[in-house]
$ cat data.pdb   # PDB, C-alpha atoms
ATOM      1  CA  MET N  20      22.480  67.443  19.028
ATOM      2  CA  LYS N  21      23.078  70.755  17.318
ATOM      3  CA  LYS N  22      25.286  69.096  14.777
ATOM      4  CA  LEU N  23      22.710  66.429  14.106
ATOM      5  CA  CYS N  24      20.037  69.070  13.536
ATOM      6  CA  ALA N  25      22.296  70.940  11.159
ATOM      7  CA  SER N  26      23.117  67.882   9.120
ATOM      8  CA  MET N  27      19.472  66.887   9.051
ATOM      9  CA  ALA N  28      18.673  70.334   7.691
ATOM     10  CA  VAL N  29      21.329  69.954   5.035
ATOM     11  CA  ILE N  30      20.032  66.553   4.040
ATOM     12  CA  GLY N  31      16.505  67.945   4.040
ATOM     13  CA  ALA N  32      17.509  70.841   1.844
ATOM     14  CA  LEU N  33      19.295  68.545  -0.565
ATOM     15  CA  PHE N  34      16.288  66.268  -0.679
ATOM     16  CA  MET N  35      13.960  69.164  -1.382
ATOM     17  CA  ALA N  36      16.210  70.547  -4.028
ATOM     18  CA  SER N  37      16.363  67.247  -5.818
ATOM     19  CA  THR N  38      12.595  66.668  -5.718
ATOM     20  CA  ALA N  39      12.017  70.142  -7.140
ATOM     21  CA  ARG N  40      13.827  69.080 -10.267
ATOM     22  CA  ALA N  41      11.134  66.990 -11.868
ATOM     23  CA  THR N  42       7.429  66.246 -11.938
ATOM     24  CA  PRO N  43       5.613  63.344 -13.605
ATOM     25  CA  ALA N  44       4.638  65.842 -16.313
ATOM     26  CA  THR N  45       8.203  66.911 -17.036
ATOM     27  CA  ASP N  46       9.402  63.288 -16.974
ATOM     28  CA  GLU N  47       6.812  62.513 -19.612
ATOM     29  CA  LEU N  48       7.843  65.501 -21.708
ATOM     30  CA  PHE N  49      11.573  64.795 -21.485
ATOM     31  CA  ALA N  50      10.845  61.297 -22.770
ATOM     32  CA  ARG N  51       8.647  62.657 -25.548
ATOM     33  CA  TYR N  52      11.207  65.256 -26.650
ATOM     34  CA  LYS N  53      13.884  62.532 -26.783
ATOM     35  CA  SER N  54      11.638  60.414 -28.955
ATOM     36  CA  GLU N  55      11.299  63.451 -31.204
ATOM     37  CA  GLY N  56      15.030  63.614 -31.713
ATOM     38  CA  ALA N  57      16.412  65.659 -28.814
ATOM     39  CA  THR N  58      19.597  64.382 -27.185
ATOM     40  CA  GLY N  59      20.424  65.225 -23.516
ATOM     41  CA  PHE N  60      19.009  68.398 -21.997
ATOM     42  CA  ASP N  61      21.053  71.273 -20.694
ATOM     43  CA  ALA N  62      19.908  73.913 -18.189
ATOM     44  CA  GLU N  63      22.681  76.295 -19.222
ATOM     45  CA  ARG N  64      21.579  76.222 -22.863
ATOM     46  CA  GLY N  65      18.009  76.707 -21.666
ATOM     47  CA  ASN N  66      19.082  79.756 -19.702
ATOM     48  CA  LYS N  67      20.831  81.294 -22.718
ATOM     49  CA  ASN N  68      17.780  80.774 -24.903
ATOM     50  CA  TRP N  69      15.530  82.154 -22.166
ATOM     51  CA  VAL N  70      17.236  85.551 -22.259
ATOM     52  CA  LYS N  71      18.040  85.533 -25.981
ATOM     53  CA  GLU N  72      16.551  88.547 -27.736
ATOM     54  CA  SER N  73      15.354  87.819 -31.224
ATOM     55  CA  LYS N  74      12.221  89.476 -32.504
ATOM     56  CA  VAL N  75      11.387  93.160 -32.392
ATOM     57  CA  GLU N  76       7.823  93.996 -31.470
ATOM     58  CA  GLY N  77       6.542  97.507 -30.936
ATOM     59  CA  GLY N  78      10.117  98.818 -30.943
ATOM     60  CA  GLU N  79      11.031  96.410 -28.175
ATOM     61  CA  MET N  80      13.307  93.370 -28.347
ATOM     62  CA  MET N  81      11.401  90.291 -27.279
ATOM     63  CA  SER N  82      12.692  87.484 -25.101
ATOM     64  CA  CYS N  83      11.032  85.211 -22.575
ATOM     65  CA  THR N  84      11.897  87.769 -19.908
ATOM     66  CA  THR N  85       9.829  90.464 -21.654
ATOM     67  CA  CYS N  86       6.758  88.969 -20.005
ATOM     68  CA  HIS N  87       8.177  86.679 -17.318
ATOM     69  CA  GLY N  88      10.537  89.253 -15.817
ATOM     70  CA  ASP N  89      14.113  88.838 -14.658
ATOM     71  CA  ASP N  90      13.377  87.123 -11.361
ATOM     72  CA  LEU N  91      11.556  83.859 -11.980
ATOM     73  CA  SER N  92      10.436  83.591  -8.370
ATOM     74  CA  LYS N  93       8.397  86.766  -8.850
ATOM     75  CA  GLN N  94       5.298  87.515 -10.879
ATOM     76  CA  GLY N  95       5.631  88.625 -14.485
ATOM     77  CA  LYS N  96       3.409  90.795 -16.627
ATOM     78  CA  HIS N  97       2.064  90.314 -20.159
ATOM     79  CA  HIS N  98       3.768  93.042 -22.207
ATOM     80  CA  LYS N  99       0.595  94.059 -24.020
ATOM     81  CA  THR N 100      -2.300  93.281 -21.744
ATOM     82  CA  GLY N 101      -0.552  93.893 -18.415
ATOM     83  CA  LYS N 102      -2.073  90.676 -17.094
ATOM     84  CA  VAL N 103      -0.140  89.324 -14.110
ATOM     85  CA  ILE N 104       1.671  86.056 -14.830
ATOM     86  CA  GLN N 105       2.296  83.849 -11.813
ATOM     87  CA  PRO N 106       5.952  83.015 -11.025
ATOM     88  CA  MET N 107       7.628  80.469 -13.290
ATOM     89  CA  ALA N 108       9.892  79.046 -10.570
ATOM     90  CA  PRO N 109       8.443  75.826  -9.175
ATOM     91  CA  SER N 110       9.958  76.818  -5.825
ATOM     92  CA  ALA N 111       7.629  79.827  -5.751
ATOM     93  CA  ASN N 112       4.684  78.298  -7.570
ATOM     94  CA  THR N 113       4.033  74.601  -6.990
ATOM     95  CA  GLU N 114       1.497  74.422  -9.804
ATOM     96  CA  ARG N 115       4.174  74.980 -12.418
ATOM     97  CA  PHE N 116       5.109  72.158 -14.783
ATOM     98  CA  THR N 117       2.512  69.714 -13.481
ATOM     99  CA  ASP N 118       0.281  69.569 -16.562
ATOM    100  CA  VAL N 119       1.640  68.246 -19.861
ATOM    101  CA  LYS N 120      -1.078  69.792 -22.013
ATOM    102  CA  LYS N 121      -0.686  73.193 -20.422
ATOM    103  CA  ILE N 122       3.100  73.186 -20.834
ATOM    104  CA  GLU N 123       2.871  72.227 -24.499
ATOM    105  CA  LYS N 124       0.117  74.753 -25.173
ATOM    106  CA  TRP N 125       2.123  77.655 -23.806
ATOM    107  CA  PHE N 126       5.351  76.548 -25.503
ATOM    108  CA  LYS N 127       3.493  76.587 -28.788
ATOM    109  CA  ARG N 128       2.019  80.028 -28.215
ATOM    110  CA  ASN N 129       4.919  81.777 -26.586
ATOM    111  CA  CYS N 130       7.642  80.470 -28.885
ATOM    112  CA  SER N 131       5.643  81.919 -31.798
ATOM    113  CA  ASP N 132       5.142  85.195 -29.978
ATOM    114  CA  ALA N 133       8.696  85.696 -28.778
ATOM    115  CA  TRP N 134      10.638  84.030 -31.571
ATOM    116  CA  GLY N 135       8.223  84.011 -34.488
ATOM    117  CA  ARG N 136       8.414  80.224 -34.801
ATOM    118  CA  GLU N 137       7.708  77.085 -32.805
ATOM    119  CA  CYS N 138      10.469  75.758 -30.566
ATOM    120  CA  THR N 139      12.181  72.455 -31.283
ATOM    121  CA  ALA N 140      11.972  69.477 -28.940
ATOM    122  CA  GLN N 141      15.572  70.186 -27.950
ATOM    123  CA  GLU N 142      14.843  73.815 -27.074
ATOM    124  CA  LYS N 143      11.752  72.932 -25.085
ATOM    125  CA  GLY N 144      13.595  70.288 -23.094
ATOM    126  CA  ASP N 145      16.441  72.706 -22.349
ATOM    127  CA  PHE N 146      13.936  75.324 -21.168
ATOM    128  CA  LEU N 147      12.275  72.852 -18.834
ATOM    129  CA  LYS N 148      15.602  71.701 -17.472
ATOM    130  CA  PHE N 149      16.533  75.317 -16.774
ATOM    131  CA  LEU N 150      13.186  76.305 -15.260
ATOM    132  CA  LEU N 151      13.120  73.286 -12.975
ATOM    133  CA  THR N 152      16.295  74.499 -11.280
ATOM    134  CA  LYS N 153      14.507  77.665 -10.179
TER     135      LYS N 153
ATOM    136  CA  MET Q  24     -40.073  86.408 -17.337
ATOM    137  CA  GLN Q  25     -43.371  84.745 -16.454
ATOM    138  CA  THR Q  26     -41.758  82.407 -13.982
ATOM    139  CA  LYS Q  27     -39.873  85.327 -12.464
ATOM    140  CA  PHE Q  28     -43.157  87.095 -11.943
ATOM    141  CA  LYS Q  29     -44.665  84.028 -10.332
ATOM    142  CA  THR Q  30     -41.657  83.635  -8.073
ATOM    143  CA  ALA Q  31     -42.053  87.244  -7.039
ATOM    144  CA  LEU Q  32     -45.722  86.781  -6.245
ATOM    145  CA  LEU Q  33     -44.942  83.640  -4.346
ATOM    146  CA  ALA Q  34     -42.151  85.328  -2.441
ATOM    147  CA  ALA Q  35     -44.304  88.343  -1.644
ATOM    148  CA  GLY Q  36     -47.129  86.064  -0.567
ATOM    149  CA  LEU Q  37     -44.895  84.016   1.698
ATOM    150  CA  MET Q  38     -43.399  87.144   3.223
ATOM    151  CA  ALA Q  39     -46.826  88.584   3.907
ATOM    152  CA  SER Q  40     -47.908  85.369   5.588
ATOM    153  CA  GLY Q  41     -45.316  85.549   8.303
ATOM    154  CA  GLY Q  42     -42.006  85.697   6.395
ATOM    155  CA  THR Q  43     -40.057  82.492   6.816
ATOM    156  CA  ALA Q  44     -36.298  82.621   6.358
ATOM    157  CA  LEU Q  45     -36.665  80.598   3.203
ATOM    158  CA  ALA Q  46     -39.029  83.087   1.620
ATOM    159  CA  GLU Q  47     -36.741  85.964   2.424
ATOM    160  CA  GLU Q  48     -33.852  84.154   0.890
ATOM    161  CA  SER Q  49     -35.587  83.421  -2.379
ATOM    162  CA  PHE Q  50     -36.937  86.939  -2.496
ATOM    163  CA  SER Q  51     -33.541  88.530  -2.107
ATOM    164  CA  GLN Q  52     -32.143  86.103  -4.639
ATOM    165  CA  TRP Q  53     -34.808  87.208  -7.039
ATOM    166  CA  MET Q  54     -33.924  90.837  -6.397
ATOM    167  CA  ILE Q  55     -30.268  90.088  -7.011
ATOM    168  CA  SER Q  56     -30.959  88.249 -10.238
ATOM    169  CA  LEU Q  57     -33.171  91.116 -11.380
ATOM    170  CA  THR Q  58     -30.392  93.655 -10.897
ATOM    171  CA  ARG Q  59     -27.882  91.272 -12.461
ATOM    172  CA  HIS Q  60     -29.948  90.996 -15.581
ATOM    173  CA  LYS Q  61     -29.308  94.670 -16.114
ATOM    174  CA  GLU Q  62     -25.656  93.838 -16.733
ATOM    175  CA  VAL Q  63     -23.883  91.092 -18.681
ATOM    176  CA  LYS Q  64     -24.112  87.390 -17.925
ATOM    177  CA  PRO Q  65     -21.055  86.238 -15.941
ATOM    178  CA  VAL Q  66     -18.941  83.510 -17.554
ATOM    179  CA  ASP Q  67     -20.174  80.107 -16.398
ATOM    180  CA  ASN Q  68     -18.202  77.726 -18.578
ATOM    181  CA  LYS Q  69     -14.972  76.351 -17.158
ATOM    182  CA  ALA Q  70     -13.110  75.873 -20.440
ATOM    183  CA  TYR Q  71     -13.961  79.399 -21.544
ATOM    184  CA  LYS Q  72     -12.998  80.877 -18.200
ATOM    185  CA  ASP Q  73      -9.701  78.970 -17.986
ATOM    186  CA  GLU Q  74      -8.583  79.488 -21.573
ATOM    187  CA  CYS Q  75      -9.735  83.033 -22.182
ATOM    188  CA  SER Q  76      -8.387  84.445 -18.939
ATOM    189  CA  GLY Q  77      -4.806  83.491 -19.792
ATOM    190  CA  CYS Q  78      -3.796  86.919 -21.071
ATOM    191  CA  HIS Q  79      -6.616  89.245 -20.030
ATOM    192  CA  LEU Q  80     -10.001  89.278 -18.354
ATOM    193  CA  ALA Q  81     -12.244  86.533 -19.780
ATOM    194  CA  TYR Q  82     -14.538  88.879 -21.715
ATOM    195  CA  GLN Q  83     -18.147  87.781 -21.294
ATOM    196  CA  PRO Q  84     -19.642  86.384 -24.528
ATOM    197  CA  GLY Q  85     -22.517  88.846 -24.012
ATOM    198  CA  LEU Q  86     -20.143  91.701 -24.917
ATOM    199  CA  LEU Q  87     -20.076  90.816 -28.641
ATOM    200  CA  PRO Q  88     -22.581  89.404 -31.130
ATOM    201  CA  ALA Q  89     -22.365  85.799 -32.354
ATOM    202  CA  LYS Q  90     -20.957  86.868 -35.734
ATOM    203  CA  SER Q  91     -17.945  88.381 -33.939
ATOM    204  CA  TRP Q  92     -17.225  85.222 -31.981
ATOM    205  CA  GLU Q  93     -17.470  83.169 -35.136
ATOM    206  CA  LYS Q  94     -14.907  85.406 -36.778
ATOM    207  CA  MET Q  95     -12.531  85.319 -33.794
ATOM    208  CA  LEU Q  96     -12.855  81.776 -32.474
ATOM    209  CA  ASN Q  97     -11.442  79.579 -35.212
ATOM    210  CA  GLU Q  98      -8.031  78.014 -35.586
ATOM    211  CA  LYS Q  99      -6.715  80.461 -38.125
ATOM    212  CA  ALA Q 100      -7.867  83.620 -36.362
ATOM    213  CA  LEU Q 101      -6.606  82.420 -32.978
ATOM    214  CA  SER Q 102      -3.111  81.759 -34.294
ATOM    215  CA  ASP Q 103      -2.892  85.533 -34.839
ATOM    216  CA  HIS Q 104      -5.160  86.928 -32.151
ATOM    217  CA  PHE Q 105      -4.333  90.661 -32.005
ATOM    218  CA  GLY Q 106      -0.705  89.739 -32.651
ATOM    219  CA  ASP Q 107      -0.620  86.911 -30.094
ATOM    220  CA  ASN Q 108      -0.824  83.205 -30.675
ATOM    221  CA  ALA Q 109      -3.838  82.033 -28.668
ATOM    222  CA  SER Q 110      -4.334  78.685 -30.385
ATOM    223  CA  LEU Q 111      -6.355  75.920 -28.759
ATOM    224  CA  ASP Q 112      -6.793  72.211 -29.389
ATOM    225  CA  ALA Q 113      -9.773  71.326 -31.594
ATOM    226  CA  ASP Q 114     -12.055  69.982 -28.832
ATOM    227  CA  THR Q 115     -11.540  72.920 -26.494
ATOM    228  CA  LEU Q 116     -11.999  75.367 -29.339
ATOM    229  CA  LYS Q 117     -15.304  73.764 -30.288
ATOM    230  CA  GLU Q 118     -16.609  73.957 -26.724
ATOM    231  CA  ILE Q 119     -15.548  77.574 -26.368
ATOM    232  CA  LEU Q 120     -17.012  78.647 -29.706
ATOM    233  CA  ASN Q 121     -20.321  76.933 -28.947
ATOM    234  CA  TYR Q 122     -20.475  78.545 -25.539
ATOM    235  CA  ALA Q 123     -19.621  82.008 -26.862
ATOM    236  CA  VAL Q 124     -22.156  81.824 -29.672
ATOM    237  CA  ALA Q 125     -24.936  80.501 -27.408
ATOM    238  CA  ASN Q 126     -24.351  83.359 -24.951
ATOM    239  CA  ALA Q 127     -23.531  86.105 -27.438
ATOM    240  CA  ALA Q 128     -25.020  89.584 -27.087
ATOM    241  CA  ASP Q 129     -27.696  88.878 -29.698
ATOM    242  CA  LYS Q 130     -28.735  85.673 -27.870
ATOM    243  CA  SER Q 131     -28.859  87.210 -24.409
ATOM    244  CA  TYR Q 132     -31.687  88.893 -22.540
ATOM    245  CA  TYR Q 133     -29.327  90.829 -20.253
ATOM    246  CA  LYS Q 134     -29.932  94.525 -20.721
ATOM    247  CA  ARG Q 135     -26.424  95.602 -21.679
ATOM    248  CA  SER Q 136     -26.051  92.716 -24.073
ATOM    249  CA  ARG Q 137     -29.281  93.776 -25.762
ATOM    250  CA  LYS Q 138     -27.803  97.227 -26.304
ATOM    251  CA  ILE Q 139     -24.616  95.786 -27.744
ATOM    252  CA  ALA Q 140     -26.697  93.530 -30.004
ATOM    253  CA  LEU Q 141     -28.608  96.555 -31.236
ATOM    254  CA  ALA Q 142     -25.442  98.548 -31.864
ATOM    255  CA  THR Q 143     -23.893  95.735 -33.926
ATOM    256  CA  LYS Q 144     -26.969  94.530 -35.758
ATOM    257  CA  THR Q 145     -25.885  95.959 -39.071
ATOM    258  CA  GLY Q 146     -22.424  96.257 -40.541
ATOM    259  CA  ASP Q 147     -19.286  94.164 -40.195
ATOM    260  CA  ALA Q 148     -18.735  91.989 -37.162
ATOM    261  CA  PRO Q 149     -16.493  93.951 -34.773
ATOM    262  CA  LEU Q 150     -13.487  92.031 -33.446
ATOM    263  CA  ARG Q 151     -13.113  94.364 -30.536
ATOM    264  CA  ILE Q 152     -15.618  95.214 -27.841
ATOM    265  CA  THR Q 153     -14.009  98.633 -27.771
ATOM    266  CA  GLU Q 154     -15.105  99.150 -31.413
ATOM    267  CA  VAL Q 155     -18.772  98.695 -30.590
ATOM    268  CA  ARG Q 156     -20.572 102.036 -30.874
ATOM    269  CA  TYR Q 157     -22.405 101.640 -27.586
ATOM    270  CA  ILE Q 158     -19.154 100.954 -25.710
ATOM    271  CA  LYS Q 159     -17.331 103.798 -27.483
ATOM    272  CA  ARG Q 160     -20.083 106.233 -26.617
ATOM    273  CA  LYS Q 161     -20.016 105.252 -22.944
ATOM    274  CA  HIS Q 162     -16.315 106.128 -22.744
ATOM    275  CA  HIS Q 163     -15.834 109.064 -25.010
ATOM    276  CA  GLU Q 164     -15.808 111.596 -22.182
ATOM    277  CA  ILE Q 165     -12.794 109.953 -20.546
ATOM    278  CA  PRO Q 166      -9.608 111.858 -21.447
ATOM    279  CA  GLU Q 167      -6.778 109.908 -23.107
ATOM    280  CA  LYS Q 168      -4.391 110.668 -20.268
ATOM    281  CA  MET Q 169      -6.549 108.555 -17.967
ATOM    282  CA  ILE Q 170      -6.400 105.610 -20.368
ATOM    283  CA  LYS Q 171      -3.335 105.407 -22.669
ATOM    284  CA  GLY Q 172      -1.296 107.735 -20.489
ATOM    285  CA  ASN Q 173      -2.189 105.770 -17.366
ATOM    286  CA  LYS Q 174       0.394 103.091 -16.604
ATOM    287  CA  ASP Q 175      -2.175 101.004 -14.731
ATOM    288  CA  VAL Q 176      -4.684 101.009 -17.590
ATOM    289  CA  LYS Q 177      -2.870 101.446 -20.946
ATOM    290  CA  SER Q 178      -5.884 100.649 -23.102
ATOM    291  CA  LEU Q 179      -9.656 100.740 -22.963
ATOM    292  CA  SER Q 180      -9.558  97.029 -23.743
ATOM    293  CA  PHE Q 181      -8.601  96.187 -20.182
ATOM    294  CA  CYS Q 182     -12.035  96.707 -18.694
ATOM    295  CA  ASN Q 183     -11.093  95.338 -15.285
ATOM    296  CA  ALA Q 184      -8.428  98.011 -14.812
ATOM    297  CA  CYS Q 185     -11.316 100.431 -14.110
ATOM    298  CA  HIS Q 186     -14.455  98.331 -13.733
ATOM    299  CA  THR Q 187     -13.871  96.719 -10.368
ATOM    300  CA  LYS Q 188     -16.602  94.129 -10.922
ATOM    301  CA  ALA Q 189     -15.912  93.410 -14.589
ATOM    302  CA  GLU Q 190     -15.204  89.740 -13.874
ATOM    303  CA  GLU Q 191     -18.730  89.351 -12.559
ATOM    304  CA  GLY Q 192     -20.113  91.001 -15.679
ATOM    305  CA  ASP Q 193     -20.995  94.200 -13.811
ATOM    306  CA  PHE Q 194     -20.039  97.377 -15.702
ATOM    307  CA  ASP Q 195     -22.242  99.823 -13.811
ATOM    308  CA  ASN Q 196     -20.960 103.385 -13.375
ATOM    309  CA  ASP Q 197     -21.082 102.903  -9.606
ATOM    310  CA  THR Q 198     -18.364 100.273  -9.656
ATOM    311  CA  VAL Q 199     -15.869 102.236 -11.786
ATOM    312  CA  ASN Q 200     -12.580 103.345 -10.324
ATOM    313  CA  ILE Q 201      -9.914 104.699 -12.684
ATOM    314  CA  PRO Q 202      -6.510 103.950 -11.128
ATOM    315  CA  ASN Q 203      -4.448 107.005 -10.116
ATOM    316  CA  TYR Q 204      -7.443 109.339 -10.472
ATOM    317  CA  PRO Q 205     -10.211 110.402  -8.089
ATOM    318  CA  LYS Q 206     -13.408 108.421  -8.199
ATOM    319  CA  TRP Q 207     -15.169 109.094 -11.501
ATOM    320  CA  LYS Q 208     -18.549 109.634  -9.905
ATOM    321  CA  ASP Q 209     -17.228 112.456  -7.660
ATOM    322  CA  ARG Q 210     -15.715 114.315 -10.558
TER     323      ARG Q 210
END
$ encode --input "data.pdb" --output "structure tokens"
Amino acid sequence: MKKLCASMAVIGALFMASTARATPATDELFARYKSEGATGFDAERGNKNWVKESKVEGGEMMSCTTCHGDDLSKQGKHHKTGKVIQPMAPSANTERFTDVKKIEKWFKRNCSDAWGRECTAQEKGDFLKFLLTK
Amino acid sequence: MQTKFKTALLAAGLMASGGTALAEESFSQWMISLTRHKEVKPVDNKAYKDECSGCHLAYQPGLLPAKSWEKMLNEKALSDHFGDNASLDADTLKEILNYAVANAADKSYYKRSRKIALATKTGDAPLRITEVRYIKRKHHEIPEKMIKGNKDVKSLSFCNACHTKAEEGDFDNDTVNIPNYPKWKDR
């Protein structure tokens, strides 16, 4: 009995982990980014870009973590306004990555703010792939 | 104003004639709306509330005159909004601009908005609420260390750091609480 419970838990955990990896919104976006020229998406590349420091603002190097923090399951904070940003990890915030328009809007804004340019379809897809593992 | 007066008479009349629960309710609602009109109209447009609360408090349109909103709420200005990209799609932007202009300080009958309208009547359209003379004057006694030097405030722009009811459009002295300092009123 104990063994059965344990294996059920493992299967359950696996199942949950795999469902956390996509939403209808991200499926739609992955397809869109591919149609815009991106080839497969890579969470590791997404992770590297996420922490990459590029632009200096107010004497501070900017990266995605400047506002989102180092632990994606925790709240972040806008570096200028101090406004609390809800966790990016879908495991901590089920509303994340469920709205195509919202995702695209914030990519557009935050890529310009952190990198000084818009992100490519490839970069956006890699980010999503990375964030969905959290 | 006229209808308010009539409502008041009606409410008073009903209360005098035995005071039904209904009369009391509408009377207290009238009292509440009267005190509210002293402040700034709370945001009552969903697009505005959702989009303009993304990075800070959704500042009530009644805090700036229409000419300021027109200067701020267009595609070009929003792509460099105080150094941030706050761009919106065309339809949402149109709704938000219309709402802001229709409820701007110079279109509002709320008391504080009237004062802001008066203070900004002449001269260039301010882009910041914190540049408006009336707002500056209200805060000039507060020492810098309580604002810039205060890690939980950082700038006068973040009204809701100190005004505990800022989201409801209430900026009354009685609801102010500067973080990390004793209550302002008991100074």
$ atom_distance --input "data.pdb" --atom1 "atom CA of Q:Ile152" --atom2 "atom CA of Q:Leu86"
6.4 Å
$ residues_around --input "data.pdb" --residues "Q:Leu116" --least-positions-apart "2" --cutoff "10 Å" --atoms "all atoms listed in the file" --output "list of chain:residue names"
Q:Ala70, Q:Tyr71, Q:Glu74, Q:Leu96, Q:Asn97, Q:Glu98, Q:Leu101, Q:Ser110, Q:Leu111, Q:Asp112, Q:Ala113, Q:Asp114, Q:Glu118, Q:Ile119, Q:Leu120, Q:Asn121, Q:Tyr122
$ closest_residue --input "data.pdb" --among "N:Phe116, N:Glu72, N:Ser110, N:Gln105" --to "N:Lys148" --atoms "all atoms listed in the file"
N:Phe116
$ interface_residues --input "data.pdb" --of "chain N" --to "chain Q" --cutoff "7 Å" --atoms "only C-alpha atoms" --output "PyMOL selection string"
chain N and resi 97+100+102+128+131-132
$ resolve_selection --input "data.pdb" --expression "the PyMOL selection byres ((chain N and resi 65-69) around 8)" --output "list in words"
Asp61, Ala62, Glu63, Arg64, Val70, Lys71, Ser82, Cys83, Thr84, Glu142, Gly144, Asp145, Phe146, Leu147, Lys148 and Phe149 of chain N
$ atom_distance --input "data.pdb" --atom1 "atom CA of N:Asp89" --atom2 "atom CA of Q:Cys185"
28.0 Å
$ residues_around --input "data.pdb" --residues "N:Lys127" --least-positions-apart "4" --cutoff "8 Å" --atoms "all atoms listed in the file" --output "list in words"
Glu123, Ser131, Glu137 and Cys138 of chain N
$ resolve_selection --input "data.pdb" --expression "the PyMOL selection byres ((chain N and resi 51-53) around 12)" --output "ChimeraX atom specification"
/N:44-50,54-60,119,123,138-147
$ closest_atom_pairs --input "data.pdb" --of "stretch 81-121 of chain Q" --to "stretch 192-199 of chain Q" --cutoff "9 Å" --atoms "only C-alpha atoms" --output "tab-separated table"
residue	atom	partner	partner_atom	distance
Q:Tyr82	CA	Q:Gly192	CA	8.5
Q:Gln83	CA	Q:Gly192	CA	6.8
Q:Gly85	CA	Q:Gly192	CA	8.9
$ atom_distance --input "data.pdb" --atom1 "atom CA of N:Gly78" --atom2 "atom CA of N:Lys124"
26.7 Å
$ resolve_selection --input "data.pdb" --expression "the PyMOL selection byres ((chain Q and resi 89) around 9)" --output "PyMOL selection string"
chain Q and resi 84-85+87-88+90-94+123-130+148
$ closest_residue --input "data.pdb" --among "N:Ile122, N:Val75, N:Ala41, N:Ala108" --to "N:Gln94" --atoms "all atoms listed in the file"
N:Ala108
$ axis_aligned_box --input "data.pdb" --around "stretch 66-78 of chain N" --padding-each-side "3 Å" --output "JSON"
{"center_x": 13.7, "center_y": 89.3, "center_z": -26.1, "size_x": 20.3, "size_y": 25.1, "size_z": 18.8}
$ closest_residue --input "data.pdb" --among "Q:Ala189, Q:Ile158, Q:Ile201, Q:Met169" --to "Q:Val66" --atoms "all atoms listed in the file"
Q:Ala189
$ residues_around --input "data.pdb" --residues "N:Trp134" --least-positions-apart "4" --cutoff "7 Å" --atoms "only C-alpha atoms" --output "PyMOL selection string"
chain N and resi 73-74+130
$ closest_residue --input "data.pdb" --among "N:Pro109, N:Asp90, N:Thr42, N:His98" --to "N:Ala133" --atoms "only C-alpha atoms"
N:His98
$ closest_residue --input "data.pdb" --among "N:Lys93, N:Lys120, N:Lys99, N:Lys153" --to "N:Glu76" --atoms "all atoms listed in the file"
N:Lys99
